[in-house]
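*Asks:* Following this message is one structure expressed as structure tokens.
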Amino acid sequence: MKAQTSVSRLELIGLTKQYPGCLANDDISITLQPGEIHALLGENGAGKSTLVKTIYGVVSPDKGDILWNGKEVNIKSPSIARELGIGMVFQHFSLFETLTVSQNIELCLSKKQLSQIDDLDSRINTLSEEYGLNVDPTRYVHSLSIGERQRVEIMRCLVQSVKLLILDEPTSVLTPQEVSGLFDVLRILSKEGCSVLFISHKLHEVTEICDQATILRGGKVVDTCVPNDETPASIAKMMVGDLAEQDAGYSKKEGSKTLFTASNLSLSSKQPFGTALKKINFDLKAGEILGIAGVAGNGQDELMAILSGEDDRNVGSALLMNELEIGHLHAGERRKLGMAYVPEERLGRGAVPDMSLTENTLLTHSKGFVSKGLVQWQGVKDYTNQLIEKYKVKCHGEFSEARSLSGGNLQKFIMGREIGQDPKVLICAHPTWGVDVGAALAIHQALLELRDQGAAILLVSEDIDELFLLADCMAAVCDGYLSPQVKTEDTNIDQIGQWMAGTFINEQASTTQPQSPTKEAVI
Amino acid sequence: MILIQARTEPSNTMKFVSPLLAVTLTLIFGGILFTAIGKSPVQALQVLLIAPLSDAYNIGEMFVKMGPLLLCAVGLSLCYRANMWNIGAEGQLLAGALGGSAAALYFIESESIFALPLTLIAGMLSGMICAAIPTYLKLRFNSNLILTTIMFNYIALYLLIWSVHGPLRDPQGYGFPESALFADNTLLPTLFEDSRIHLGVLFALIASVIGWFILTKTHLGFQVRVFGADESAAKYAGFKGNKLGWLVMLFAGALAGLAGVSETTGPIGQLVPNVSPGYGYSAIIVAYLGRLHPIGAIIAAVFMAVLYMGGDLAQIEMGIPVAVVSMFQGVLLFFLLACDFFINNRLTFTNQATN
């Protein structure tokens, strides 16, 4: 595996980066051998992103040197990084939505690289097959799910025949099967001599695939280890210090009254490559968490949009909340009835990037802060400060713009804001995507607390471990169909995994035939 | 070595420095320009910018020009905050002038105290109608608001020209394309003696305070800002985009219409073909110069009004073509947009010689 040559692929010596108000990287030294898969671990705000951006030429360091194949280099820009053979897949993807997959890939190839490729589409198809990425070069990016977009980003690096691939939380949006597919890709790359720098919060993945790990805390290297010799728990301890209290399985509850019902919800897709919803039925009960598992792009986005009211098509009686028909209500009216919603995208949907946290609090939490159409700004400000304190959101203050927060911190803020409205029904997508261990724990506890107060919670996540941890009840989506609901205790990862692959669809069709002739909300 | 770096947070200082910097750069550019055409730059800038504020009469005239600029700019600021790219303030202003004049002529024999208010309302409604059609097309059919509002500028202009040549022409006017002079009953009262500052100027100041209040104090204004800053967040929060779109467009239409009717019932006193020297277009620059902030628009409108006055004076006193004013406006907007780049970016000077 590890080709121990005398020259290392990449050597960082004493990298330091000071941002206004925070020392993001403090004297960091790391060495990567050719073919090494190296994990970079740390909580949100530990300086991982800054470090990889420095390597990729997005951020220029204040101090320190970078040696590439033994030679000192000055990586001034990503294009220089790419020329050297460094590829990176960002946590927030950098794709043009209005262009096709192959156009997006073409854009970041230099003229020289382009001239070496006769037919980009067929090259993509070949690589796609070789690595099992399943990327169609002719599709438009706006029609791709997040999981698919990530595969495009990886493809973009593969096309350029990289020598060092940097992945910022690559697995957070993938299904177990996709993750193992990705790991296969990484193993092949590693054998071919390509080094991989891998940022992840999923520690069992790190122990599974990585040869080396470096742990950052507060911008400093606090530890290094060989993940194979460690357990996820021991690594977690290194990451968060002494606080590490690993999720120790929460108690499951059984709900009481049904607060929200979807019955025979069918809906065509608004986008040409979206997923149509097909006869979806589920109940959300007070004091219960329903977890919906599924591979990205199987109708989750469409389902969330119609449940929250963002998709403003009228589905009439297909949706009931507290026995009240809400299919015709728009998102704001549903909120007034006690629905809260945490969307998949934090920045640019869950929060307005250019507005302060105070203003972002008011975005969805206006109850009590608006009287006669006037905003009580002082009240919102005080409340925002409470949220920041309660959920330990790292920021300069309530006046900080949402976009200045790291992903995990913003997620804590949004979760706090939605939970703080004491919703009767909470719809929540990927609650801890890209959130560090400590913050995830806080979010989990907040969700459970809300459940115990009697709220009905719908959790859509691609992190199946998290669903098993939190959900009292489970189901899976596949191709716009929703599986039956089962109690979490009565099922296992295998069954849910099969449901995610769609095995329930045929069974369902044969068993639920002679139903009463309820009208279908087909649009 | 000079590097351009994105700022982690937009600079608040730059937000305010940027317009000042843009004005300074425009003046430097103007100096060079006047030198090039053989005029003394010092004298030209003096006539252009200082002379309009040199005596009470000129200051009064400056306020008369500021009124319509400010009314339009306040409405536009709200539209632009909501991402409604309304370029039609000129048309809405002309529509207001036309509709208001029709009402004023209808009341020409009237003694009623309601004649003036009704005339003003007619002007505002006309401006709103002129804004409503493009708004409907945009919100119903997703047509490009920029294009439709520009088209309506021409529709309103030619409708006005046709009217003064046709139905609204003064029968005793020897065929000149002008309406009859309005009755005193429908003329806006002036605020001071020996000055043409009229009630419309006061309306403009009140409008900017109202605009500021809506934008910063009300939940509605907050929704407008969210809608403009991030449409998907507004949808997520459940704000009704169409309602907000209608609201800002009708508000802007009403204010521009009021600007138009205030011109005809104020300083002009009748309907003429050239009601506006492009106030509606200049208001776009005023809105931006004022940082899309209704109070900032007051300062920007004063500056733009000075430039209008100065252009007239420069033509009279120095024979400088009045087109210079339009050029100044264009150059100003250009520099402003360029300076705004530094709100989100900064230059850093580094010594890279060591590598």
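Labels used: A, B, ... for chains in the order of the structure tokens, numbers from 1 for residues in each chain, and numbers from 1 for ligands as shown.
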Quick one: everything within 10 Å of stretch 161-170 of chain B, counting only C-alpha atoms, minus sequence neighbours fewer than 6 positions away in the same chain. Send it as a tab-separated table (two decimals) with all heavy atoms, in the first residue's frame.
*Replies:*
```
chain	number	residue	atom	x	y	z
B	94	LEU	N	-43.80	60.19	-15.78
B	94	LEU	CA	-44.52	60.82	-16.88
B	94	LEU	C	-46.00	60.46	-16.83
B	94	LEU	O	-46.87	61.30	-17.08
B	94	LEU	CB	-43.91	60.41	-18.23
B	94	LEU	CG	-42.46	60.88	-18.45
B	94	LEU	CD1	-41.91	60.33	-19.75
B	94	LEU	CD2	-42.39	62.41	-18.45
B	98	LEU	N	-49.07	62.99	-16.57
B	98	LEU	CA	-50.17	62.98	-17.53
B	98	LEU	C	-51.52	62.83	-16.82
B	98	LEU	O	-52.44	63.63	-17.04
B	98	LEU	CB	-49.96	61.82	-18.52
B	98	LEU	CG	-51.03	61.58	-19.56
B	98	LEU	CD1	-51.23	62.82	-20.43
B	98	LEU	CD2	-50.65	60.39	-20.45
B	101	SER	N	-52.32	65.84	-14.73
B	101	SER	CA	-52.70	67.00	-15.53
B	101	SER	C	-54.12	66.87	-16.05
B	101	SER	O	-54.88	67.85	-16.09
B	101	SER	CB	-51.74	67.16	-16.71
B	101	SER	OG	-50.43	67.31	-16.24
B	102	ALA	N	-54.47	65.64	-16.44
B	102	ALA	CA	-55.84	65.44	-16.92
B	102	ALA	C	-56.82	65.82	-15.81
B	102	ALA	O	-57.83	66.50	-16.06
B	102	ALA	CB	-56.02	63.97	-17.33
B	105	LEU	N	-56.89	69.62	-15.30
B	105	LEU	CA	-57.66	70.31	-16.34
B	105	LEU	C	-59.15	70.09	-16.14
B	105	LEU	O	-59.98	70.96	-16.42
B	105	LEU	CB	-57.24	69.81	-17.73
B	105	LEU	CG	-55.80	70.21	-18.12
B	105	LEU	CD1	-55.37	69.48	-19.39
B	105	LEU	CD2	-55.68	71.72	-18.28
B	155	ILE	N	-43.68	54.11	-23.71
B	155	ILE	CA	-45.14	54.17	-23.86
B	155	ILE	C	-45.68	55.41	-23.16
B	155	ILE	O	-46.47	56.18	-23.73
B	155	ILE	CB	-45.79	52.88	-23.29
B	155	ILE	CG1	-45.40	51.69	-24.16
B	155	ILE	CG2	-47.31	53.03	-23.22
B	155	ILE	CD1	-45.81	50.34	-23.60
B	176	PHE	N	-49.69	75.42	-29.88
B	176	PHE	CA	-48.50	74.92	-29.20
B	176	PHE	C	-48.84	73.63	-28.45
B	176	PHE	O	-49.94	73.51	-27.89
B	176	PHE	CB	-47.98	75.95	-28.19
B	176	PHE	CG	-47.17	77.03	-28.83
B	176	PHE	CD1	-47.69	78.33	-28.98
B	176	PHE	CD2	-45.88	76.75	-29.32
B	176	PHE	CE1	-46.94	79.31	-29.59
B	176	PHE	CE2	-45.15	77.75	-29.91
B	176	PHE	CZ	-45.66	79.03	-30.06
B	177	PRO	N	-47.92	72.70	-28.41
B	177	PRO	CA	-48.20	71.45	-27.70
B	177	PRO	C	-48.09	71.65	-26.18
B	177	PRO	O	-47.15	71.19	-25.55
B	177	PRO	CB	-47.12	70.49	-28.22
B	177	PRO	CG	-45.99	71.38	-28.60
B	177	PRO	CD	-46.60	72.68	-29.05
B	178	GLU	N	-49.04	72.35	-25.63
B	178	GLU	CA	-49.08	72.60	-24.19
B	178	GLU	C	-50.53	72.58	-23.75
B	178	GLU	O	-51.42	72.91	-24.52
B	178	GLU	CB	-48.50	73.99	-23.86
B	178	GLU	CG	-47.01	74.11	-24.02
B	178	GLU	CD	-46.54	75.55	-23.86
B	178	GLU	OE1	-47.38	76.45	-23.68
B	178	GLU	OE2	-45.32	75.74	-23.93
B	179	SER	N	-50.72	72.20	-22.47
B	179	SER	CA	-52.09	72.28	-21.95
B	179	SER	C	-52.34	73.72	-21.50
B	179	SER	O	-51.43	74.55	-21.48
B	179	SER	CB	-52.24	71.34	-20.76
B	179	SER	OG	-51.64	71.92	-19.62
B	180	ALA	N	-53.60	73.98	-21.15
B	180	ALA	CA	-53.91	75.27	-20.55
B	180	ALA	C	-53.20	75.36	-19.21
B	180	ALA	O	-52.85	74.34	-18.60
B	180	ALA	CB	-55.42	75.39	-20.35
B	181	LEU	N	-52.97	76.60	-18.73
B	181	LEU	CA	-52.40	76.76	-17.39
B	181	LEU	C	-53.43	76.28	-16.36
B	181	LEU	O	-54.62	76.56	-16.50
B	181	LEU	CB	-52.06	78.23	-17.15
B	181	LEU	CG	-50.87	78.75	-17.93
B	181	LEU	CD1	-50.74	80.26	-17.77
B	181	LEU	CD2	-49.58	78.07	-17.53
B	270	GLN	N	-48.45	73.58	-15.83
B	270	GLN	CA	-49.25	73.10	-16.95
B	270	GLN	C	-48.57	71.82	-17.45
B	270	GLN	O	-47.49	71.46	-16.99
B	270	GLN	CB	-49.30	74.14	-18.07
B	270	GLN	CG	-47.94	74.38	-18.67
B	270	GLN	CD	-47.90	75.45	-19.74
B	270	GLN	OE1	-46.98	76.23	-19.76
B	270	GLN	NE2	-48.88	75.48	-20.62
B	271	LEU	N	-49.21	71.14	-18.41
B	271	LEU	CA	-48.58	69.96	-18.96
B	271	LEU	C	-47.81	70.35	-20.22
B	271	LEU	O	-48.38	70.96	-21.13
B	271	LEU	CB	-49.63	68.88	-19.29
B	271	LEU	CG	-49.04	67.55	-19.77
B	271	LEU	CD1	-48.21	66.88	-18.69
B	271	LEU	CD2	-50.13	66.62	-20.27
B	272	VAL	N	-46.53	70.04	-20.23
B	272	VAL	CA	-45.70	70.32	-21.39
B	272	VAL	C	-45.03	69.01	-21.81
B	272	VAL	O	-44.99	68.07	-21.03
B	272	VAL	CB	-44.62	71.38	-21.06
B	272	VAL	CG1	-45.27	72.74	-20.80
B	272	VAL	CG2	-43.79	70.96	-19.88
B	273	PRO	N	-44.51	68.92	-23.04
B	273	PRO	CA	-43.90	67.64	-23.47
B	273	PRO	C	-42.68	67.27	-22.65
B	273	PRO	O	-42.47	66.10	-22.35
B	273	PRO	CB	-43.52	67.91	-24.93
B	273	PRO	CG	-44.35	69.05	-25.36
B	273	PRO	CD	-44.57	69.89	-24.14
B	274	ASN	N	-41.84	68.26	-22.27
B	274	ASN	CA	-40.63	67.89	-21.52
B	274	ASN	C	-40.80	68.18	-20.03
B	274	ASN	O	-40.24	69.14	-19.51
B	274	ASN	CB	-39.40	68.58	-22.10
B	274	ASN	CG	-39.65	70.07	-22.30
B	274	ASN	OD1	-40.80	70.52	-22.24
B	274	ASN	ND2	-38.59	70.82	-22.50
```
*Asks:* Which chain A residues are at most 8 Å from chain B (counting only C-alpha atoms), as a list in words?
*Replies:* Asn74, Gly309, Glu310, His330, Ala331, Gly332, Glu333, Arg335, Gly348, Arg349, Gly350, Ala351, Val352, Pro353, Asp354, Leu363, Thr364, Val370, Gly373, Leu374, Val375, Glu401 and Ser404 of chain A
*Asks:* Please save C-alpha atoms of the selected residues as a compact mmCIF listing (two decimals), in the first residue's frame.
*Replies:*
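Writing the result to result_19.txt gives the following:
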```txt
# COMPACT_ATOMS: atom_id res chain seq x y z
CA ASN A 74 4.33 28.56 -3.65
CA GLY A 309 -45.08 24.21 1.87
CA GLU A 310 -42.11 25.56 -0.08
CA HIS A 330 -48.24 28.09 2.16
CA ALA A 331 -45.09 27.73 4.21
CA GLY A 332 -45.76 30.76 6.41
CA GLU A 333 -49.26 29.62 7.32
CA ARG A 335 -45.42 27.73 10.46
CA GLY A 348 -28.89 30.53 1.25
CA ARG A 349 -32.05 28.86 2.47
CA GLY A 350 -32.00 28.14 6.16
CA ALA A 351 -30.21 31.42 6.67
CA VAL A 352 -29.67 34.56 4.60
CA PRO A 353 -25.88 34.76 4.07
CA ASP A 354 -25.61 38.56 4.15
CA LEU A 363 -36.48 35.00 9.45
CA THR A 364 -38.63 32.24 10.88
CA VAL A 370 -43.70 41.57 15.78
CA GLY A 373 -46.36 44.98 11.91
CA LEU A 374 -43.45 46.51 13.77
CA VAL A 375 -40.37 44.52 14.69
CA GLU A 401 -23.40 37.68 9.29
CA SER A 404 -19.16 34.24 8.48
```
*Asks:* Step one, run DSSP on the backbone; step two, keep only residues of stretch 98-215 of chain A assigned to helix (DSSP H, G or I); then write them as a PyMOL selection string.
*Replies:* chain A and resi 101-107+111-116+120-131+141-143+146-159+170-173+176-191+203-209
*Asks:* May I have the residues within 10 Å of A:Val425 as an MDAnalysis selection string, using only C-alpha atoms and disregarding those fewer than 6 positions away in the same chain?
*Replies:* chainID A and resid 259:260 284:287 321:322 334:335 337:341 419 450:451 454:458
*Asks:* Mind dumping the selected residues with N, CA and C atoms as a PDB file, in the first residue's frame?
*Replies:*
```pdb
ATOM      1  N   LEU A 259     -50.103  13.692  15.118  1.00  0.00           N
ATOM      2  CA  LEU A 259     -50.127  15.141  14.882  1.00  0.00           C
ATOM      3  C   LEU A 259     -50.071  15.500  13.407  1.00  0.00           C
ATOM      4  N   PHE A 260     -49.525  14.606  12.618  1.00  0.00           N
ATOM      5  CA  PHE A 260     -49.332  14.938  11.210  1.00  0.00           C
ATOM      6  C   PHE A 260     -49.510  13.667  10.392  1.00  0.00           C
ATOM      7  N   LEU A 284     -47.039  11.047  11.853  1.00  0.00           N
ATOM      8  CA  LEU A 284     -46.104  11.535  12.865  1.00  0.00           C
ATOM      9  C   LEU A 284     -46.880  11.662  14.158  1.00  0.00           C
ATOM     10  N   LYS A 285     -46.339  11.036  15.199  1.00  0.00           N
ATOM     11  CA  LYS A 285     -47.056  11.068  16.473  1.00  0.00           C
ATOM     12  C   LYS A 285     -46.352  11.978  17.455  1.00  0.00           C
ATOM     13  N   ALA A 286     -47.129  12.538  18.325  1.00  0.00           N
ATOM     14  CA  ALA A 286     -46.565  13.400  19.366  1.00  0.00           C
ATOM     15  C   ALA A 286     -45.581  12.589  20.201  1.00  0.00           C
ATOM     16  N   GLY A 287     -44.431  13.141  20.436  1.00  0.00           N
ATOM     17  CA  GLY A 287     -43.442  12.470  21.264  1.00  0.00           C
ATOM     18  C   GLY A 287     -42.740  11.326  20.573  1.00  0.00           C
ATOM     19  N   MET A 321     -52.596  18.226   9.502  1.00  0.00           N
ATOM     20  CA  MET A 321     -51.834  18.531  10.704  1.00  0.00           C
ATOM     21  C   MET A 321     -52.843  18.783  11.806  1.00  0.00           C
ATOM     22  N   ASN A 322     -52.726  18.001  12.886  1.00  0.00           N
ATOM     23  CA  ASN A 322     -53.700  18.133  13.954  1.00  0.00           C
ATOM     24  C   ASN A 322     -55.120  18.012  13.435  1.00  0.00           C
ATOM     25  N   ARG A 334     -48.275  27.407   7.479  1.00  0.00           N
ATOM     26  CA  ARG A 334     -48.000  26.149   8.181  1.00  0.00           C
ATOM     27  C   ARG A 334     -47.151  26.412   9.412  1.00  0.00           C
ATOM     28  N   ARG A 335     -46.225  27.360   9.294  1.00  0.00           N
ATOM     29  CA  ARG A 335     -45.421  27.728  10.463  1.00  0.00           C
ATOM     30  C   ARG A 335     -46.304  28.244  11.585  1.00  0.00           C
ATOM     31  N   LEU A 337     -49.187  27.410  12.288  1.00  0.00           N
ATOM     32  CA  LEU A 337     -49.895  26.310  12.932  1.00  0.00           C
ATOM     33  C   LEU A 337     -48.974  25.478  13.813  1.00  0.00           C
ATOM     34  N   GLY A 338     -47.673  25.805  13.810  1.00  0.00           N
ATOM     35  CA  GLY A 338     -46.775  25.092  14.707  1.00  0.00           C
ATOM     36  C   GLY A 338     -45.823  24.143  14.024  1.00  0.00           C
ATOM     37  N   MET A 339     -45.549  24.405  12.738  1.00  0.00           N
ATOM     38  CA  MET A 339     -44.583  23.561  12.049  1.00  0.00           C
ATOM     39  C   MET A 339     -43.245  24.298  11.992  1.00  0.00           C
ATOM     40  N   ALA A 340     -42.180  23.589  12.232  1.00  0.00           N
ATOM     41  CA  ALA A 340     -40.852  24.175  12.034  1.00  0.00           C
ATOM     42  C   ALA A 340     -40.088  23.270  11.083  1.00  0.00           C
ATOM     43  N   TYR A 341     -39.073  23.826  10.472  1.00  0.00           N
ATOM     44  CA  TYR A 341     -38.441  23.112   9.370  1.00  0.00           C
ATOM     45  C   TYR A 341     -36.966  23.472   9.306  1.00  0.00           C
ATOM     46  N   ILE A 419     -36.022  24.848  16.920  1.00  0.00           N
ATOM     47  CA  ILE A 419     -36.479  24.169  18.126  1.00  0.00           C
ATOM     48  C   ILE A 419     -37.042  25.179  19.122  1.00  0.00           C
ATOM     49  N   LEU A 450     -36.934  17.950  22.625  1.00  0.00           N
ATOM     50  CA  LEU A 450     -38.141  18.424  21.951  1.00  0.00           C
ATOM     51  C   LEU A 450     -39.151  17.295  21.817  1.00  0.00           C
ATOM     52  N   ARG A 451     -38.637  16.102  21.486  1.00  0.00           N
ATOM     53  CA  ARG A 451     -39.527  14.943  21.383  1.00  0.00           C
ATOM     54  C   ARG A 451     -40.201  14.682  22.718  1.00  0.00           C
ATOM     55  N   GLY A 454     -43.170  16.423  23.626  1.00  0.00           N
ATOM     56  CA  GLY A 454     -44.405  16.069  22.943  1.00  0.00           C
ATOM     57  C   GLY A 454     -44.507  16.524  21.502  1.00  0.00           C
ATOM     58  N   ALA A 455     -43.379  16.882  20.889  1.00  0.00           N
ATOM     59  CA  ALA A 455     -43.422  17.273  19.479  1.00  0.00           C
ATOM     60  C   ALA A 455     -43.292  16.036  18.608  1.00  0.00           C
ATOM     61  N   ALA A 456     -43.837  16.131  17.418  1.00  0.00           N
ATOM     62  CA  ALA A 456     -43.667  15.072  16.431  1.00  0.00           C
ATOM     63  C   ALA A 456     -42.538  15.487  15.504  1.00  0.00           C
ATOM     64  N   ILE A 457     -41.577  14.602  15.307  1.00  0.00           N
ATOM     65  CA  ILE A 457     -40.392  14.984  14.543  1.00  0.00           C
ATOM     66  C   ILE A 457     -40.196  14.044  13.362  1.00  0.00           C
ATOM     67  N   LEU A 458     -39.967  14.642  12.207  1.00  0.00           N
ATOM     68  CA  LEU A 458     -39.615  13.863  11.021  1.00  0.00           C
ATOM     69  C   LEU A 458     -38.160  14.154  10.705  1.00  0.00           C
TER      70      LEU A 458
END
```
*Asks:* Quote the spacing between atom CA of B:Ile206 and atom CA of B:Thr186 in Å to one decimal place.
*Replies:*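 These two atoms are separated by 20.8 Å.
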*Asks:* List as a PyMOL selection string the protein and nucleic acid residues near stretch 64-79 of chain B, meaning an atom at most 8 Å away when only C-alpha atoms are counted, but skip any in the same chain fewer than 3 places from it.
*Replies:* chain B and resi 60-61+82-86+89+93+196-198+200-205+207-208+211+215+224+245+248-249+251-253+255-256+258-260+262-263+267+279-280+282-284+286-288+292-294+297-298+301-302+304-305+308
*Asks:* So which residues touch A:Leu23 within 10 Å, counting only C-alpha atoms, skipping near sequence neighbours fewer than 6 positions away, as number ranges by chain?
*Replies:* A: 16-17, 46-47, 218-220
*Asks:* Rounded to one decimal, what separation in Å do you get between atom CA of A:Ser269 and atom CA of A:Glu178?
*Replies:*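 These atoms are spaced 24.3 Å apart.
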*Asks:* Determine which residues of stretch 194-278 of chain A receive a DSSP assignment of strand (DSSP E), computed from the backbone, and state them as a PyMOL selection string.
*Replies:* chain A and resi 195-199+212-217+220-225+258-267+277-278
*Asks:* Next, dump the selected residues to file, keeping only N, CA, C and O atoms, as a compact mmCIF listing (two decimals), in the first residue's frame.
*Replies:*
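And here is the file that came out, result_3.txt:
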```txt
# COMPACT_ATOMS: atom_id res chain seq x y z
N SER A 195 -1.95 10.24 -3.31
CA SER A 195 -2.22 10.43 -1.88
C SER A 195 -3.61 11.02 -1.70
O SER A 195 -4.11 11.71 -2.59
N VAL A 196 -4.19 10.72 -0.57
CA VAL A 196 -5.53 11.26 -0.29
C VAL A 196 -5.53 11.93 1.08
O VAL A 196 -5.02 11.37 2.05
N LEU A 197 -6.04 13.15 1.11
CA LEU A 197 -6.22 13.83 2.38
C LEU A 197 -7.72 13.90 2.63
O LEU A 197 -8.47 14.42 1.83
N PHE A 198 -8.15 13.33 3.74
CA PHE A 198 -9.54 12.97 3.94
C PHE A 198 -10.04 13.63 5.22
O PHE A 198 -9.53 13.36 6.31
N ILE A 199 -10.99 14.55 5.07
CA ILE A 199 -11.58 15.15 6.27
C ILE A 199 -12.90 14.44 6.54
O ILE A 199 -13.71 14.31 5.63
N GLN A 212 -3.12 7.02 8.15
CA GLN A 212 -2.56 7.95 9.13
C GLN A 212 -3.65 8.95 9.49
O GLN A 212 -4.52 9.23 8.67
N ALA A 213 -3.59 9.50 10.66
CA ALA A 213 -4.55 10.55 11.00
C ALA A 213 -3.84 11.65 11.78
O ALA A 213 -2.93 11.38 12.56
N THR A 214 -4.24 12.88 11.50
CA THR A 214 -3.74 14.02 12.25
C THR A 214 -4.94 14.70 12.89
O THR A 214 -5.95 14.91 12.22
N ILE A 215 -4.83 15.00 14.13
CA ILE A 215 -5.97 15.58 14.84
C ILE A 215 -5.66 17.03 15.18
O ILE A 215 -4.62 17.33 15.78
N LEU A 216 -6.56 17.92 14.77
CA LEU A 216 -6.39 19.35 15.03
C LEU A 216 -7.37 19.78 16.11
O LEU A 216 -8.49 19.28 16.19
N ARG A 217 -6.91 20.72 16.93
CA ARG A 217 -7.84 21.36 17.85
C ARG A 217 -7.37 22.79 18.03
O ARG A 217 -6.20 23.03 18.30
N LYS A 220 -4.24 23.88 16.13
CA LYS A 220 -2.95 23.23 16.36
C LYS A 220 -3.06 21.73 16.14
O LYS A 220 -4.15 21.16 16.32
N VAL A 221 -1.94 21.11 15.79
CA VAL A 221 -1.91 19.65 15.74
C VAL A 221 -1.80 19.17 17.19
O VAL A 221 -0.84 19.49 17.88
N VAL A 222 -2.82 18.43 17.65
CA VAL A 222 -2.76 17.97 19.03
C VAL A 222 -2.35 16.51 19.12
O VAL A 222 -1.92 16.05 20.18
N ASP A 223 -2.52 15.79 18.03
CA ASP A 223 -2.19 14.37 18.10
C ASP A 223 -2.08 13.80 16.69
O ASP A 223 -2.66 14.34 15.74
N THR A 224 -1.34 12.71 16.58
CA THR A 224 -1.37 11.94 15.33
C THR A 224 -1.53 10.50 15.75
O THR A 224 -1.16 10.12 16.86
N CYS A 225 -2.11 9.69 14.86
CA CYS A 225 -2.24 8.29 15.21
C CYS A 225 -2.39 7.45 13.95
O CYS A 225 -2.60 7.96 12.86
N THR A 258 -51.62 11.25 17.00
CA THR A 258 -51.09 11.55 15.67
C THR A 258 -51.21 13.05 15.40
O THR A 258 -52.30 13.61 15.47
N LEU A 259 -50.10 13.69 15.12
CA LEU A 259 -50.13 15.14 14.88
C LEU A 259 -50.07 15.50 13.41
O LEU A 259 -50.48 16.58 13.01
N PHE A 260 -49.53 14.61 12.62
CA PHE A 260 -49.33 14.94 11.21
C PHE A 260 -49.51 13.67 10.39
O PHE A 260 -49.00 12.61 10.75
N THR A 261 -50.26 13.79 9.32
CA THR A 261 -50.50 12.62 8.48
C THR A 261 -50.31 12.98 7.02
O THR A 261 -50.78 14.02 6.55
N ALA A 262 -49.62 12.11 6.33
CA ALA A 262 -49.60 12.20 4.87
C ALA A 262 -50.31 10.97 4.36
O ALA A 262 -49.99 9.86 4.76
N SER A 263 -51.34 11.17 3.54
CA SER A 263 -52.04 10.00 3.04
C SER A 263 -52.13 10.06 1.52
O SER A 263 -52.60 11.05 0.96
N ASN A 264 -51.67 9.01 0.92
CA ASN A 264 -51.70 8.89 -0.54
C ASN A 264 -51.18 10.14 -1.23
O ASN A 264 -51.80 10.65 -2.15
N LEU A 265 -50.07 10.62 -0.76
CA LEU A 265 -49.49 11.84 -1.32
C LEU A 265 -48.71 11.48 -2.59
O LEU A 265 -47.69 10.80 -2.54
N SER A 266 -49.25 11.91 -3.70
CA SER A 266 -48.56 11.70 -4.97
C SER A 266 -48.35 13.05 -5.63
O SER A 266 -49.20 13.92 -5.55
N LEU A 267 -47.23 13.21 -6.26
CA LEU A 267 -46.90 14.52 -6.80
C LEU A 267 -45.87 14.36 -7.90
O LEU A 267 -44.84 13.70 -7.71
N LEU A 277 -43.22 11.86 -6.33
CA LEU A 277 -43.62 11.16 -5.11
C LEU A 277 -44.80 10.26 -5.45
O LEU A 277 -45.70 10.65 -6.17
N LYS A 278 -44.77 9.05 -4.91
CA LYS A 278 -45.81 8.09 -5.27
C LYS A 278 -46.50 7.56 -4.04
O LYS A 278 -45.90 6.81 -3.26
```
*Asks:* Pick the closest to A:Ala39 from A:Met474, A:Val206, A:Ile493, A:Leu459: which is it, counting only C-alpha atoms?
*Replies:*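 Of A:Met474, A:Val206, A:Ile493, A:Leu459, the one nearest A:Ala39, counting only C-alpha atoms, is A:Val206.
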*Asks:* If we count only C-alpha atoms, what is near B:Met327 at a cut-off of 12 Å, once residues fewer than 5 positions away on the same chain are taken out, given as a PyMOL selection string?
*Replies:* chain B and resi 26-27+29-30+33+282+307-308+311+321-322+332-334
*Asks:* Generate the output file for the selected residues, C-alpha atoms, as a PDB file, in the first residue's frame.
*Replies:*
```pdb
ATOM      1  CA  THR B  26     -15.673  61.601 -10.710  1.00  0.00           C
ATOM      2  CA  LEU B  27     -14.486  65.107  -9.853  1.00  0.00           C
ATOM      3  CA  PHE B  29     -12.160  62.771 -14.017  1.00  0.00           C
ATOM      4  CA  GLY B  30     -14.206  65.936 -14.586  1.00  0.00           C
ATOM      5  CA  LEU B  33     -12.175  66.366 -19.013  1.00  0.00           C
ATOM      6  CA  SER B 282     -31.037  59.731 -12.647  1.00  0.00           C
ATOM      7  CA  LEU B 307     -25.201  68.534 -10.654  1.00  0.00           C
ATOM      8  CA  TYR B 308     -28.372  69.309 -12.645  1.00  0.00           C
ATOM      9  CA  GLY B 311     -24.987  71.801 -15.639  1.00  0.00           C
ATOM     10  CA  PRO B 321     -22.495  71.591 -23.241  1.00  0.00           C
ATOM     11  CA  VAL B 322     -25.259  70.391 -20.946  1.00  0.00           C
ATOM     12  CA  LEU B 332     -20.316  58.531 -11.291  1.00  0.00           C
ATOM     13  CA  LEU B 333     -22.307  55.306 -11.494  1.00  0.00           C
ATOM     14  CA  PHE B 334     -19.333  53.621 -13.096  1.00  0.00           C
TER      15      PHE B 334
END
```
